[in-house]
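Student: Got a file for you: protein23.cif, mmCIF, N, CA and C atoms.
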data_coords
loop_
_atom_site.label_atom_id
_atom_site.label_comp_id
_atom_site.auth_asym_id
_atom_site.auth_seq_id
_atom_site.Cartn_x
_atom_site.Cartn_y
_atom_site.Cartn_z
N MET A 8 -8.56 -11.78 -14.08
CA MET A 8 -9.76 -11.17 -13.53
C MET A 8 -9.40 -9.76 -13.05
N LEU A 9 -10.19 -8.78 -13.42
CA LEU A 9 -9.95 -7.41 -13.02
C LEU A 9 -10.35 -7.21 -11.56
N MET A 10 -9.78 -6.19 -10.93
CA MET A 10 -10.05 -5.95 -9.51
C MET A 10 -11.54 -5.73 -9.24
N ASN A 11 -12.24 -5.02 -10.14
CA ASN A 11 -13.67 -4.81 -9.93
C ASN A 11 -14.42 -6.13 -9.92
N GLU A 12 -14.01 -7.06 -10.80
CA GLU A 12 -14.65 -8.37 -10.83
C GLU A 12 -14.34 -9.16 -9.55
N VAL A 13 -13.13 -9.02 -9.07
CA VAL A 13 -12.74 -9.71 -7.83
C VAL A 13 -13.56 -9.17 -6.66
N ARG A 14 -13.68 -7.84 -6.57
CA ARG A 14 -14.47 -7.24 -5.49
C ARG A 14 -15.92 -7.72 -5.54
N ALA A 15 -16.49 -7.76 -6.73
CA ALA A 15 -17.87 -8.19 -6.87
C ALA A 15 -18.02 -9.65 -6.46
N GLU A 16 -17.07 -10.50 -6.87
CA GLU A 16 -17.13 -11.92 -6.53
C GLU A 16 -17.01 -12.12 -5.02
N LEU A 17 -16.10 -11.39 -4.39
CA LEU A 17 -15.94 -11.50 -2.93
C LEU A 17 -17.21 -11.05 -2.21
N PHE A 18 -17.83 -10.00 -2.73
CA PHE A 18 -19.08 -9.52 -2.13
C PHE A 18 -20.16 -10.60 -2.22
N LEU A 19 -20.30 -11.19 -3.40
CA LEU A 19 -21.31 -12.23 -3.58
C LEU A 19 -21.03 -13.45 -2.71
N ARG A 20 -19.78 -13.80 -2.50
CA ARG A 20 -19.43 -14.96 -1.66
C ARG A 20 -19.79 -14.73 -0.20
N ARG A 21 -19.85 -13.46 0.22
CA ARG A 21 -20.20 -13.15 1.61
C ARG A 21 -21.70 -13.25 1.87
N LEU A 22 -22.49 -13.31 0.81
CA LEU A 22 -23.93 -13.47 0.98
C LEU A 22 -24.24 -14.87 1.50
N PRO A 23 -25.26 -14.99 2.33
CA PRO A 23 -25.64 -16.34 2.77
C PRO A 23 -26.01 -17.20 1.56
N PRO A 24 -25.67 -18.49 1.58
CA PRO A 24 -25.92 -19.36 0.42
C PRO A 24 -27.38 -19.35 -0.05
N GLU A 25 -28.32 -19.31 0.91
CA GLU A 25 -29.73 -19.33 0.52
C GLU A 25 -30.13 -18.05 -0.20
N VAL A 26 -29.50 -16.93 0.16
CA VAL A 26 -29.79 -15.67 -0.53
C VAL A 26 -29.18 -15.69 -1.92
N ARG A 27 -27.94 -16.13 -2.00
CA ARG A 27 -27.27 -16.13 -3.30
C ARG A 27 -27.96 -17.08 -4.28
N SER A 28 -28.40 -18.23 -3.80
CA SER A 28 -29.06 -19.18 -4.70
C SER A 28 -30.42 -18.67 -5.17
N SER A 29 -31.02 -17.72 -4.44
CA SER A 29 -32.33 -17.21 -4.83
C SER A 29 -32.23 -16.09 -5.88
N LEU A 30 -31.02 -15.62 -6.16
CA LEU A 30 -30.86 -14.53 -7.12
C LEU A 30 -31.01 -15.04 -8.55
N ASP A 31 -31.73 -14.29 -9.35
CA ASP A 31 -31.78 -14.63 -10.78
C ASP A 31 -30.58 -13.96 -11.46
N PRO A 32 -30.24 -14.34 -12.68
CA PRO A 32 -29.06 -13.79 -13.35
C PRO A 32 -29.06 -12.26 -13.45
N LYS A 33 -30.23 -11.67 -13.64
CA LYS A 33 -30.32 -10.21 -13.74
C LYS A 33 -29.97 -9.55 -12.40
N GLN A 34 -30.47 -10.11 -11.30
CA GLN A 34 -30.16 -9.58 -9.97
C GLN A 34 -28.67 -9.74 -9.65
N GLU A 35 -28.13 -10.91 -9.97
CA GLU A 35 -26.71 -11.14 -9.71
C GLU A 35 -25.85 -10.18 -10.52
N ALA A 36 -26.21 -9.93 -11.77
CA ALA A 36 -25.46 -8.99 -12.60
C ALA A 36 -25.53 -7.58 -12.03
N ALA A 37 -26.71 -7.20 -11.51
CA ALA A 37 -26.86 -5.87 -10.91
C ALA A 37 -26.00 -5.74 -9.66
N ILE A 38 -25.97 -6.79 -8.85
CA ILE A 38 -25.14 -6.77 -7.64
C ILE A 38 -23.66 -6.72 -8.01
N ARG A 39 -23.27 -7.51 -9.01
CA ARG A 39 -21.87 -7.48 -9.47
C ARG A 39 -21.48 -6.08 -9.94
N SER A 40 -22.38 -5.45 -10.66
CA SER A 40 -22.10 -4.11 -11.17
C SER A 40 -21.97 -3.10 -10.04
N ALA A 41 -22.86 -3.18 -9.06
CA ALA A 41 -22.83 -2.24 -7.94
C ALA A 41 -21.65 -2.50 -7.01
N ALA A 42 -21.35 -3.77 -6.74
CA ALA A 42 -20.28 -4.10 -5.80
C ALA A 42 -18.91 -3.89 -6.40
N GLY A 43 -18.78 -4.10 -7.69
CA GLY A 43 -17.47 -3.98 -8.30
C GLY A 43 -17.27 -2.69 -9.06
N GLY A 44 -18.30 -1.89 -9.12
CA GLY A 44 -18.23 -0.68 -9.95
C GLY A 44 -17.53 0.50 -9.32
N ARG A 45 -16.47 0.26 -8.62
CA ARG A 45 -15.71 1.35 -8.02
C ARG A 45 -14.80 1.96 -9.07
N ALA A 46 -14.77 3.28 -9.11
CA ALA A 46 -13.91 3.95 -10.08
C ALA A 46 -12.45 3.67 -9.74
N THR A 47 -11.71 3.21 -10.71
CA THR A 47 -10.30 2.94 -10.48
C THR A 47 -9.48 3.97 -11.23
N THR A 48 -8.85 4.82 -10.48
CA THR A 48 -7.94 5.79 -11.08
C THR A 48 -6.55 5.47 -10.56
N SER A 49 -5.59 5.70 -11.38
CA SER A 49 -4.23 5.40 -10.96
C SER A 49 -3.65 6.57 -10.18
N HIS A 50 -2.74 6.26 -9.31
CA HIS A 50 -2.05 7.28 -8.54
C HIS A 50 -0.82 7.74 -9.31
N PRO A 51 -0.46 9.01 -9.19
CA PRO A 51 0.78 9.46 -9.84
C PRO A 51 2.00 8.69 -9.34
N VAL A 52 2.00 8.35 -8.05
CA VAL A 52 3.07 7.53 -7.46
C VAL A 52 2.41 6.25 -6.96
N ASP A 53 2.82 5.11 -7.48
CA ASP A 53 2.25 3.83 -7.10
C ASP A 53 3.37 2.79 -7.10
N ILE A 54 3.97 2.58 -5.92
CA ILE A 54 5.09 1.64 -5.78
C ILE A 54 4.62 0.50 -4.89
N ARG A 55 4.71 -0.71 -5.40
CA ARG A 55 4.30 -1.89 -4.63
C ARG A 55 5.39 -2.95 -4.73
N LEU A 56 5.91 -3.33 -3.58
CA LEU A 56 6.98 -4.32 -3.52
C LEU A 56 6.56 -5.47 -2.62
N SER A 57 6.98 -6.66 -2.97
CA SER A 57 6.76 -7.83 -2.14
C SER A 57 8.13 -8.43 -1.84
N MET A 58 8.41 -8.64 -0.54
CA MET A 58 9.74 -9.09 -0.14
C MET A 58 9.66 -10.42 0.60
N PRO A 59 10.35 -11.45 0.09
CA PRO A 59 10.40 -12.70 0.85
C PRO A 59 11.44 -12.58 1.97
N LEU A 60 11.03 -12.87 3.17
CA LEU A 60 11.92 -12.87 4.33
C LEU A 60 11.91 -14.26 4.94
N PRO A 61 12.90 -14.61 5.73
CA PRO A 61 12.96 -15.97 6.30
C PRO A 61 11.71 -16.34 7.10
N TRP A 62 11.05 -15.38 7.75
CA TRP A 62 9.90 -15.70 8.59
C TRP A 62 8.56 -15.43 7.90
N GLY A 63 8.58 -15.05 6.63
CA GLY A 63 7.33 -14.85 5.90
C GLY A 63 7.50 -13.80 4.80
N ARG A 64 6.45 -13.62 4.05
CA ARG A 64 6.47 -12.67 2.94
C ARG A 64 5.81 -11.37 3.40
N PHE A 65 6.46 -10.24 3.12
CA PHE A 65 5.93 -8.93 3.49
C PHE A 65 5.82 -8.07 2.25
N TYR A 66 4.96 -7.07 2.33
CA TYR A 66 4.82 -6.16 1.20
C TYR A 66 4.94 -4.71 1.68
N LEU A 67 5.30 -3.86 0.75
CA LEU A 67 5.39 -2.42 0.99
C LEU A 67 4.64 -1.75 -0.15
N ALA A 68 3.70 -0.89 0.19
CA ALA A 68 2.94 -0.17 -0.82
C ALA A 68 3.03 1.32 -0.51
N ILE A 69 3.46 2.08 -1.48
CA ILE A 69 3.53 3.54 -1.35
C ILE A 69 2.72 4.13 -2.49
N THR A 70 1.68 4.87 -2.13
CA THR A 70 0.89 5.56 -3.14
C THR A 70 0.78 7.02 -2.74
N ALA A 71 0.71 7.87 -3.73
CA ALA A 71 0.57 9.30 -3.47
C ALA A 71 -0.23 9.93 -4.60
N GLY A 72 -0.95 10.95 -4.27
CA GLY A 72 -1.75 11.65 -5.27
C GLY A 72 -2.68 12.62 -4.59
N HIS A 73 -3.57 13.20 -5.35
CA HIS A 73 -4.53 14.17 -4.84
C HIS A 73 -5.53 13.47 -3.92
N ASP A 74 -5.74 14.01 -2.73
CA ASP A 74 -6.66 13.42 -1.77
C ASP A 74 -8.08 13.89 -2.08
N ARG A 75 -8.92 12.96 -2.51
CA ARG A 75 -10.29 13.30 -2.90
C ARG A 75 -11.31 12.92 -1.82
N ARG A 76 -10.82 12.41 -0.69
CA ARG A 76 -11.75 12.01 0.37
C ARG A 76 -12.40 13.24 1.02
N ASN A 77 -13.63 13.06 1.49
CA ASN A 77 -14.29 14.17 2.18
C ASN A 77 -13.75 14.25 3.61
N PRO A 78 -13.96 15.39 4.29
CA PRO A 78 -13.40 15.56 5.65
C PRO A 78 -13.85 14.49 6.64
N ALA A 79 -15.09 14.04 6.54
CA ALA A 79 -15.55 13.01 7.48
C ALA A 79 -14.80 11.71 7.28
N ARG A 80 -14.55 11.34 6.04
CA ARG A 80 -13.81 10.10 5.79
C ARG A 80 -12.36 10.24 6.22
N ARG A 81 -11.75 11.41 6.00
CA ARG A 81 -10.36 11.61 6.46
C ARG A 81 -10.27 11.47 7.98
N ALA A 82 -11.25 12.04 8.69
CA ALA A 82 -11.25 11.94 10.16
C ALA A 82 -11.42 10.49 10.60
N ARG A 83 -12.32 9.75 9.94
CA ARG A 83 -12.52 8.34 10.27
C ARG A 83 -11.26 7.54 10.00
N ASP A 84 -10.61 7.80 8.87
CA ASP A 84 -9.37 7.09 8.54
C ASP A 84 -8.26 7.40 9.53
N ARG A 85 -8.16 8.67 9.98
CA ARG A 85 -7.15 9.02 10.99
C ARG A 85 -7.39 8.26 12.29
N HIS A 86 -8.68 8.07 12.62
CA HIS A 86 -9.01 7.35 13.85
C HIS A 86 -8.74 5.85 13.70
N LEU A 87 -9.09 5.28 12.54
CA LEU A 87 -8.92 3.84 12.34
C LEU A 87 -7.48 3.45 12.05
N ARG A 88 -6.72 4.34 11.42
CA ARG A 88 -5.33 4.06 11.06
C ARG A 88 -4.42 5.18 11.58
N PRO A 89 -4.16 5.20 12.89
CA PRO A 89 -3.32 6.28 13.43
C PRO A 89 -1.90 6.21 12.89
N PHE A 90 -1.30 7.37 12.75
CA PHE A 90 0.06 7.46 12.21
C PHE A 90 1.10 6.99 13.22
N THR A 91 0.85 7.27 14.50
CA THR A 91 1.84 6.95 15.53
C THR A 91 1.56 5.57 16.12
N THR A 92 2.05 4.56 15.44
CA THR A 92 1.96 3.18 15.93
C THR A 92 3.37 2.64 16.11
N THR A 93 3.49 1.54 16.81
CA THR A 93 4.79 0.93 17.02
C THR A 93 5.42 0.53 15.68
N GLY A 94 4.62 -0.06 14.81
CA GLY A 94 5.13 -0.49 13.51
C GLY A 94 5.64 0.69 12.68
N ASN A 95 4.87 1.78 12.67
CA ASN A 95 5.30 2.96 11.92
C ASN A 95 6.57 3.55 12.51
N SER A 96 6.66 3.58 13.83
CA SER A 96 7.85 4.11 14.48
C SER A 96 9.08 3.27 14.16
N LEU A 97 8.93 1.94 14.22
CA LEU A 97 10.04 1.06 13.88
C LEU A 97 10.46 1.24 12.42
N PHE A 98 9.48 1.29 11.53
CA PHE A 98 9.80 1.48 10.11
C PHE A 98 10.53 2.80 9.90
N PHE A 99 10.03 3.87 10.50
CA PHE A 99 10.66 5.18 10.33
C PHE A 99 12.08 5.17 10.91
N GLY A 100 12.26 4.56 12.08
CA GLY A 100 13.59 4.50 12.69
C GLY A 100 14.57 3.71 11.84
N ILE A 101 14.13 2.58 11.31
CA ILE A 101 15.00 1.78 10.44
C ILE A 101 15.31 2.54 9.16
N PHE A 102 14.32 3.21 8.60
CA PHE A 102 14.52 3.98 7.37
C PHE A 102 15.52 5.12 7.59
N VAL A 103 15.35 5.89 8.66
CA VAL A 103 16.26 7.00 8.95
C VAL A 103 17.66 6.47 9.27
N GLY A 104 17.73 5.39 10.05
CA GLY A 104 19.02 4.81 10.37
C GLY A 104 19.75 4.31 9.12
N SER A 105 19.03 3.66 8.22
CA SER A 105 19.63 3.19 6.97
C SER A 105 20.10 4.35 6.11
N PHE A 106 19.31 5.40 6.06
CA PHE A 106 19.71 6.58 5.29
C PHE A 106 20.97 7.20 5.87
N CYS A 107 21.05 7.30 7.19
CA CYS A 107 22.25 7.87 7.84
C CYS A 107 23.47 7.00 7.57
N LEU A 108 23.31 5.67 7.63
CA LEU A 108 24.44 4.78 7.33
C LEU A 108 24.88 4.92 5.88
N LEU A 109 23.94 5.05 4.98
CA LEU A 109 24.27 5.25 3.58
C LEU A 109 25.01 6.56 3.38
N LEU A 110 24.51 7.62 3.99
CA LEU A 110 25.17 8.92 3.90
C LEU A 110 26.58 8.87 4.49
N LEU A 111 26.74 8.23 5.62
CA LEU A 111 28.05 8.09 6.24
C LEU A 111 29.00 7.30 5.33
N SER A 112 28.49 6.23 4.73
CA SER A 112 29.32 5.44 3.81
C SER A 112 29.77 6.27 2.62
N VAL A 113 28.88 7.05 2.06
CA VAL A 113 29.22 7.90 0.92
C VAL A 113 30.27 8.93 1.33
N LEU A 114 30.10 9.55 2.49
CA LEU A 114 31.07 10.54 2.94
C LEU A 114 32.44 9.92 3.20
N LEU A 115 32.48 8.75 3.82
CA LEU A 115 33.75 8.07 4.06
C LEU A 115 34.42 7.67 2.75
N PHE A 116 33.63 7.19 1.80
CA PHE A 116 34.16 6.84 0.48
C PHE A 116 34.71 8.07 -0.22
N TYR A 117 33.97 9.16 -0.16
CA TYR A 117 34.42 10.41 -0.78
C TYR A 117 35.71 10.90 -0.13
N ASP A 118 35.78 10.80 1.22
CA ASP A 118 36.98 11.23 1.93
C ASP A 118 38.18 10.36 1.53
N ALA A 119 37.97 9.06 1.41
CA ALA A 119 39.05 8.15 1.02
C ALA A 119 39.54 8.46 -0.40
N ILE A 120 38.61 8.71 -1.32
CA ILE A 120 38.98 9.04 -2.70
C ILE A 120 39.69 10.38 -2.74
N ALA A 121 39.16 11.36 -2.00
CA ALA A 121 39.79 12.69 -2.00
C ALA A 121 41.18 12.65 -1.41
N SER A 122 41.40 11.86 -0.36
CA SER A 122 42.75 11.81 0.24
C SER A 122 43.73 11.11 -0.69
N VAL A 123 43.28 10.13 -1.47
CA VAL A 123 44.14 9.46 -2.43
C VAL A 123 44.53 10.42 -3.56
N ILE A 124 43.55 11.18 -4.02
CA ILE A 124 43.81 12.13 -5.12
C ILE A 124 44.72 13.27 -4.65
N VAL A 125 44.42 13.85 -3.51
CA VAL A 125 45.21 14.98 -3.00
C VAL A 125 46.56 14.52 -2.48
N GLY A 126 46.58 13.40 -1.78
CA GLY A 126 47.83 12.93 -1.18
C GLY A 126 48.70 12.15 -2.15
N GLY A 127 48.17 11.70 -3.22
CA GLY A 127 48.88 10.78 -4.07
C GLY A 127 49.59 11.36 -5.20
#
Please, can you express the file's structure as structure tokens?

Tutor:
Amino acid sequence: MLMNEVRAELFLRRLPPEVRSSLDPKQEAAIRSAAGGRATTSHPVDIRLSMPLPWGRFYLAITAGHDRRNPARRARDRHLRPFTTTGNSLFFGIFVGSFCLLLLSVLLFYDAIASVIVGG
């Protein structure tokens, strides 16, 4: 099932049963078309990972591309999804810490190889 079909089906399921049962096939098709007819364009960068952890399954999604949202929607999104949250801070700290440990490991490895080559 395509994402547009899934969106349309979820929309129809949220309708009260008496309303949904009163729809004729033409009306239901029109609602499916309107509810699921969102333009789907791919992002130049679209990375989605799912990681099983001992306490549950987590996902990471990174997307990037041209921002086509209007200024009002950007302002609403900034208000609804602030950048400075505890989760974002923890993620950023772990990411920077991991990068520093990786860099330190590479430098120590390079130093060990260089001392063997020069000293040996």

Student: As an exercise, work out the distance from atom CA of A:Leu19 to atom CA of A:Glu35 in Å and give it to one decimal place.

Tutor: 8.2 Å

Student: One number please: atom CA of A:Gln34 to atom CA of A:Glu12, in Å, one decimal.

Tutor: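 Distance reported for this atom pair: 15.6 Å.
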
Student: Using only N, CA and C atoms, can you tell me which of A:Glu25, A:Arg76, A:Val52, A:Glu16 comes closest to A:Arg39?

Tutor: A:Glu16

Student: Distance atom CA of A:Phe116-atom CA of A:Met58, one decimal place?

Tutor: 29.2 Å

Student: My list of candidates is A:Ile54, A:Val26, A:Leu9, A:Ala15. Which is closest to A:Ala41 when distances are computed with only C-alpha atoms?

Tutor: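 For A:Ala41, the nearest of the given residues is A:Ala15.
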
Student: With only C-alpha atoms as the atoms that count, which of A:Ala36, A:Asp74, A:Asp31, A:Tyr117 lies nearest to A:His50?

Tutor: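 Among A:Ala36, A:Asp74, A:Asp31, A:Tyr117, it is A:Asp74 that comes nearest to A:His50.
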
Student: Report, as lines of an AutoDock Vina configuration file, the axis-aligned box around all atoms of stretch 62-70 of chain A present in the file, extended by 3 Å on each side; give centre and edge lengths in Å to one decimal place.

Tutor:
center_x = 5.9
center_y = -4.3
center_z = 2.7
size_x = 16.3
size_y = 28.7
size_z = 17.7

Student: So which bits of stretch 19-84 of chain A end up strand (DSSP E) when you DSSP the backbone, as a PyMOL selection string?

Tutor: chain A and resi 52-60+63-71

Student: Hey, what does DSSP flag as helix (DSSP H, G or I) within stretch 29-123 of chain A? Can you give it to me as a PyMOL selection string?

Tutor: chain A and resi 29+32-43+78-87+93-123

Student: Determine, counting only C-alpha atoms, which protein, DNA and RNA residues have an atom within 9 Å of an atom of A:Arg55; residues of the same chain fewer than 4 positions away are not included. Present the result as a list of chain:residue names.

Tutor: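 Contacts, with the query itself left out: A:Tyr66, A:Leu67, A:Ala68, A:Ile69, A:Thr70.
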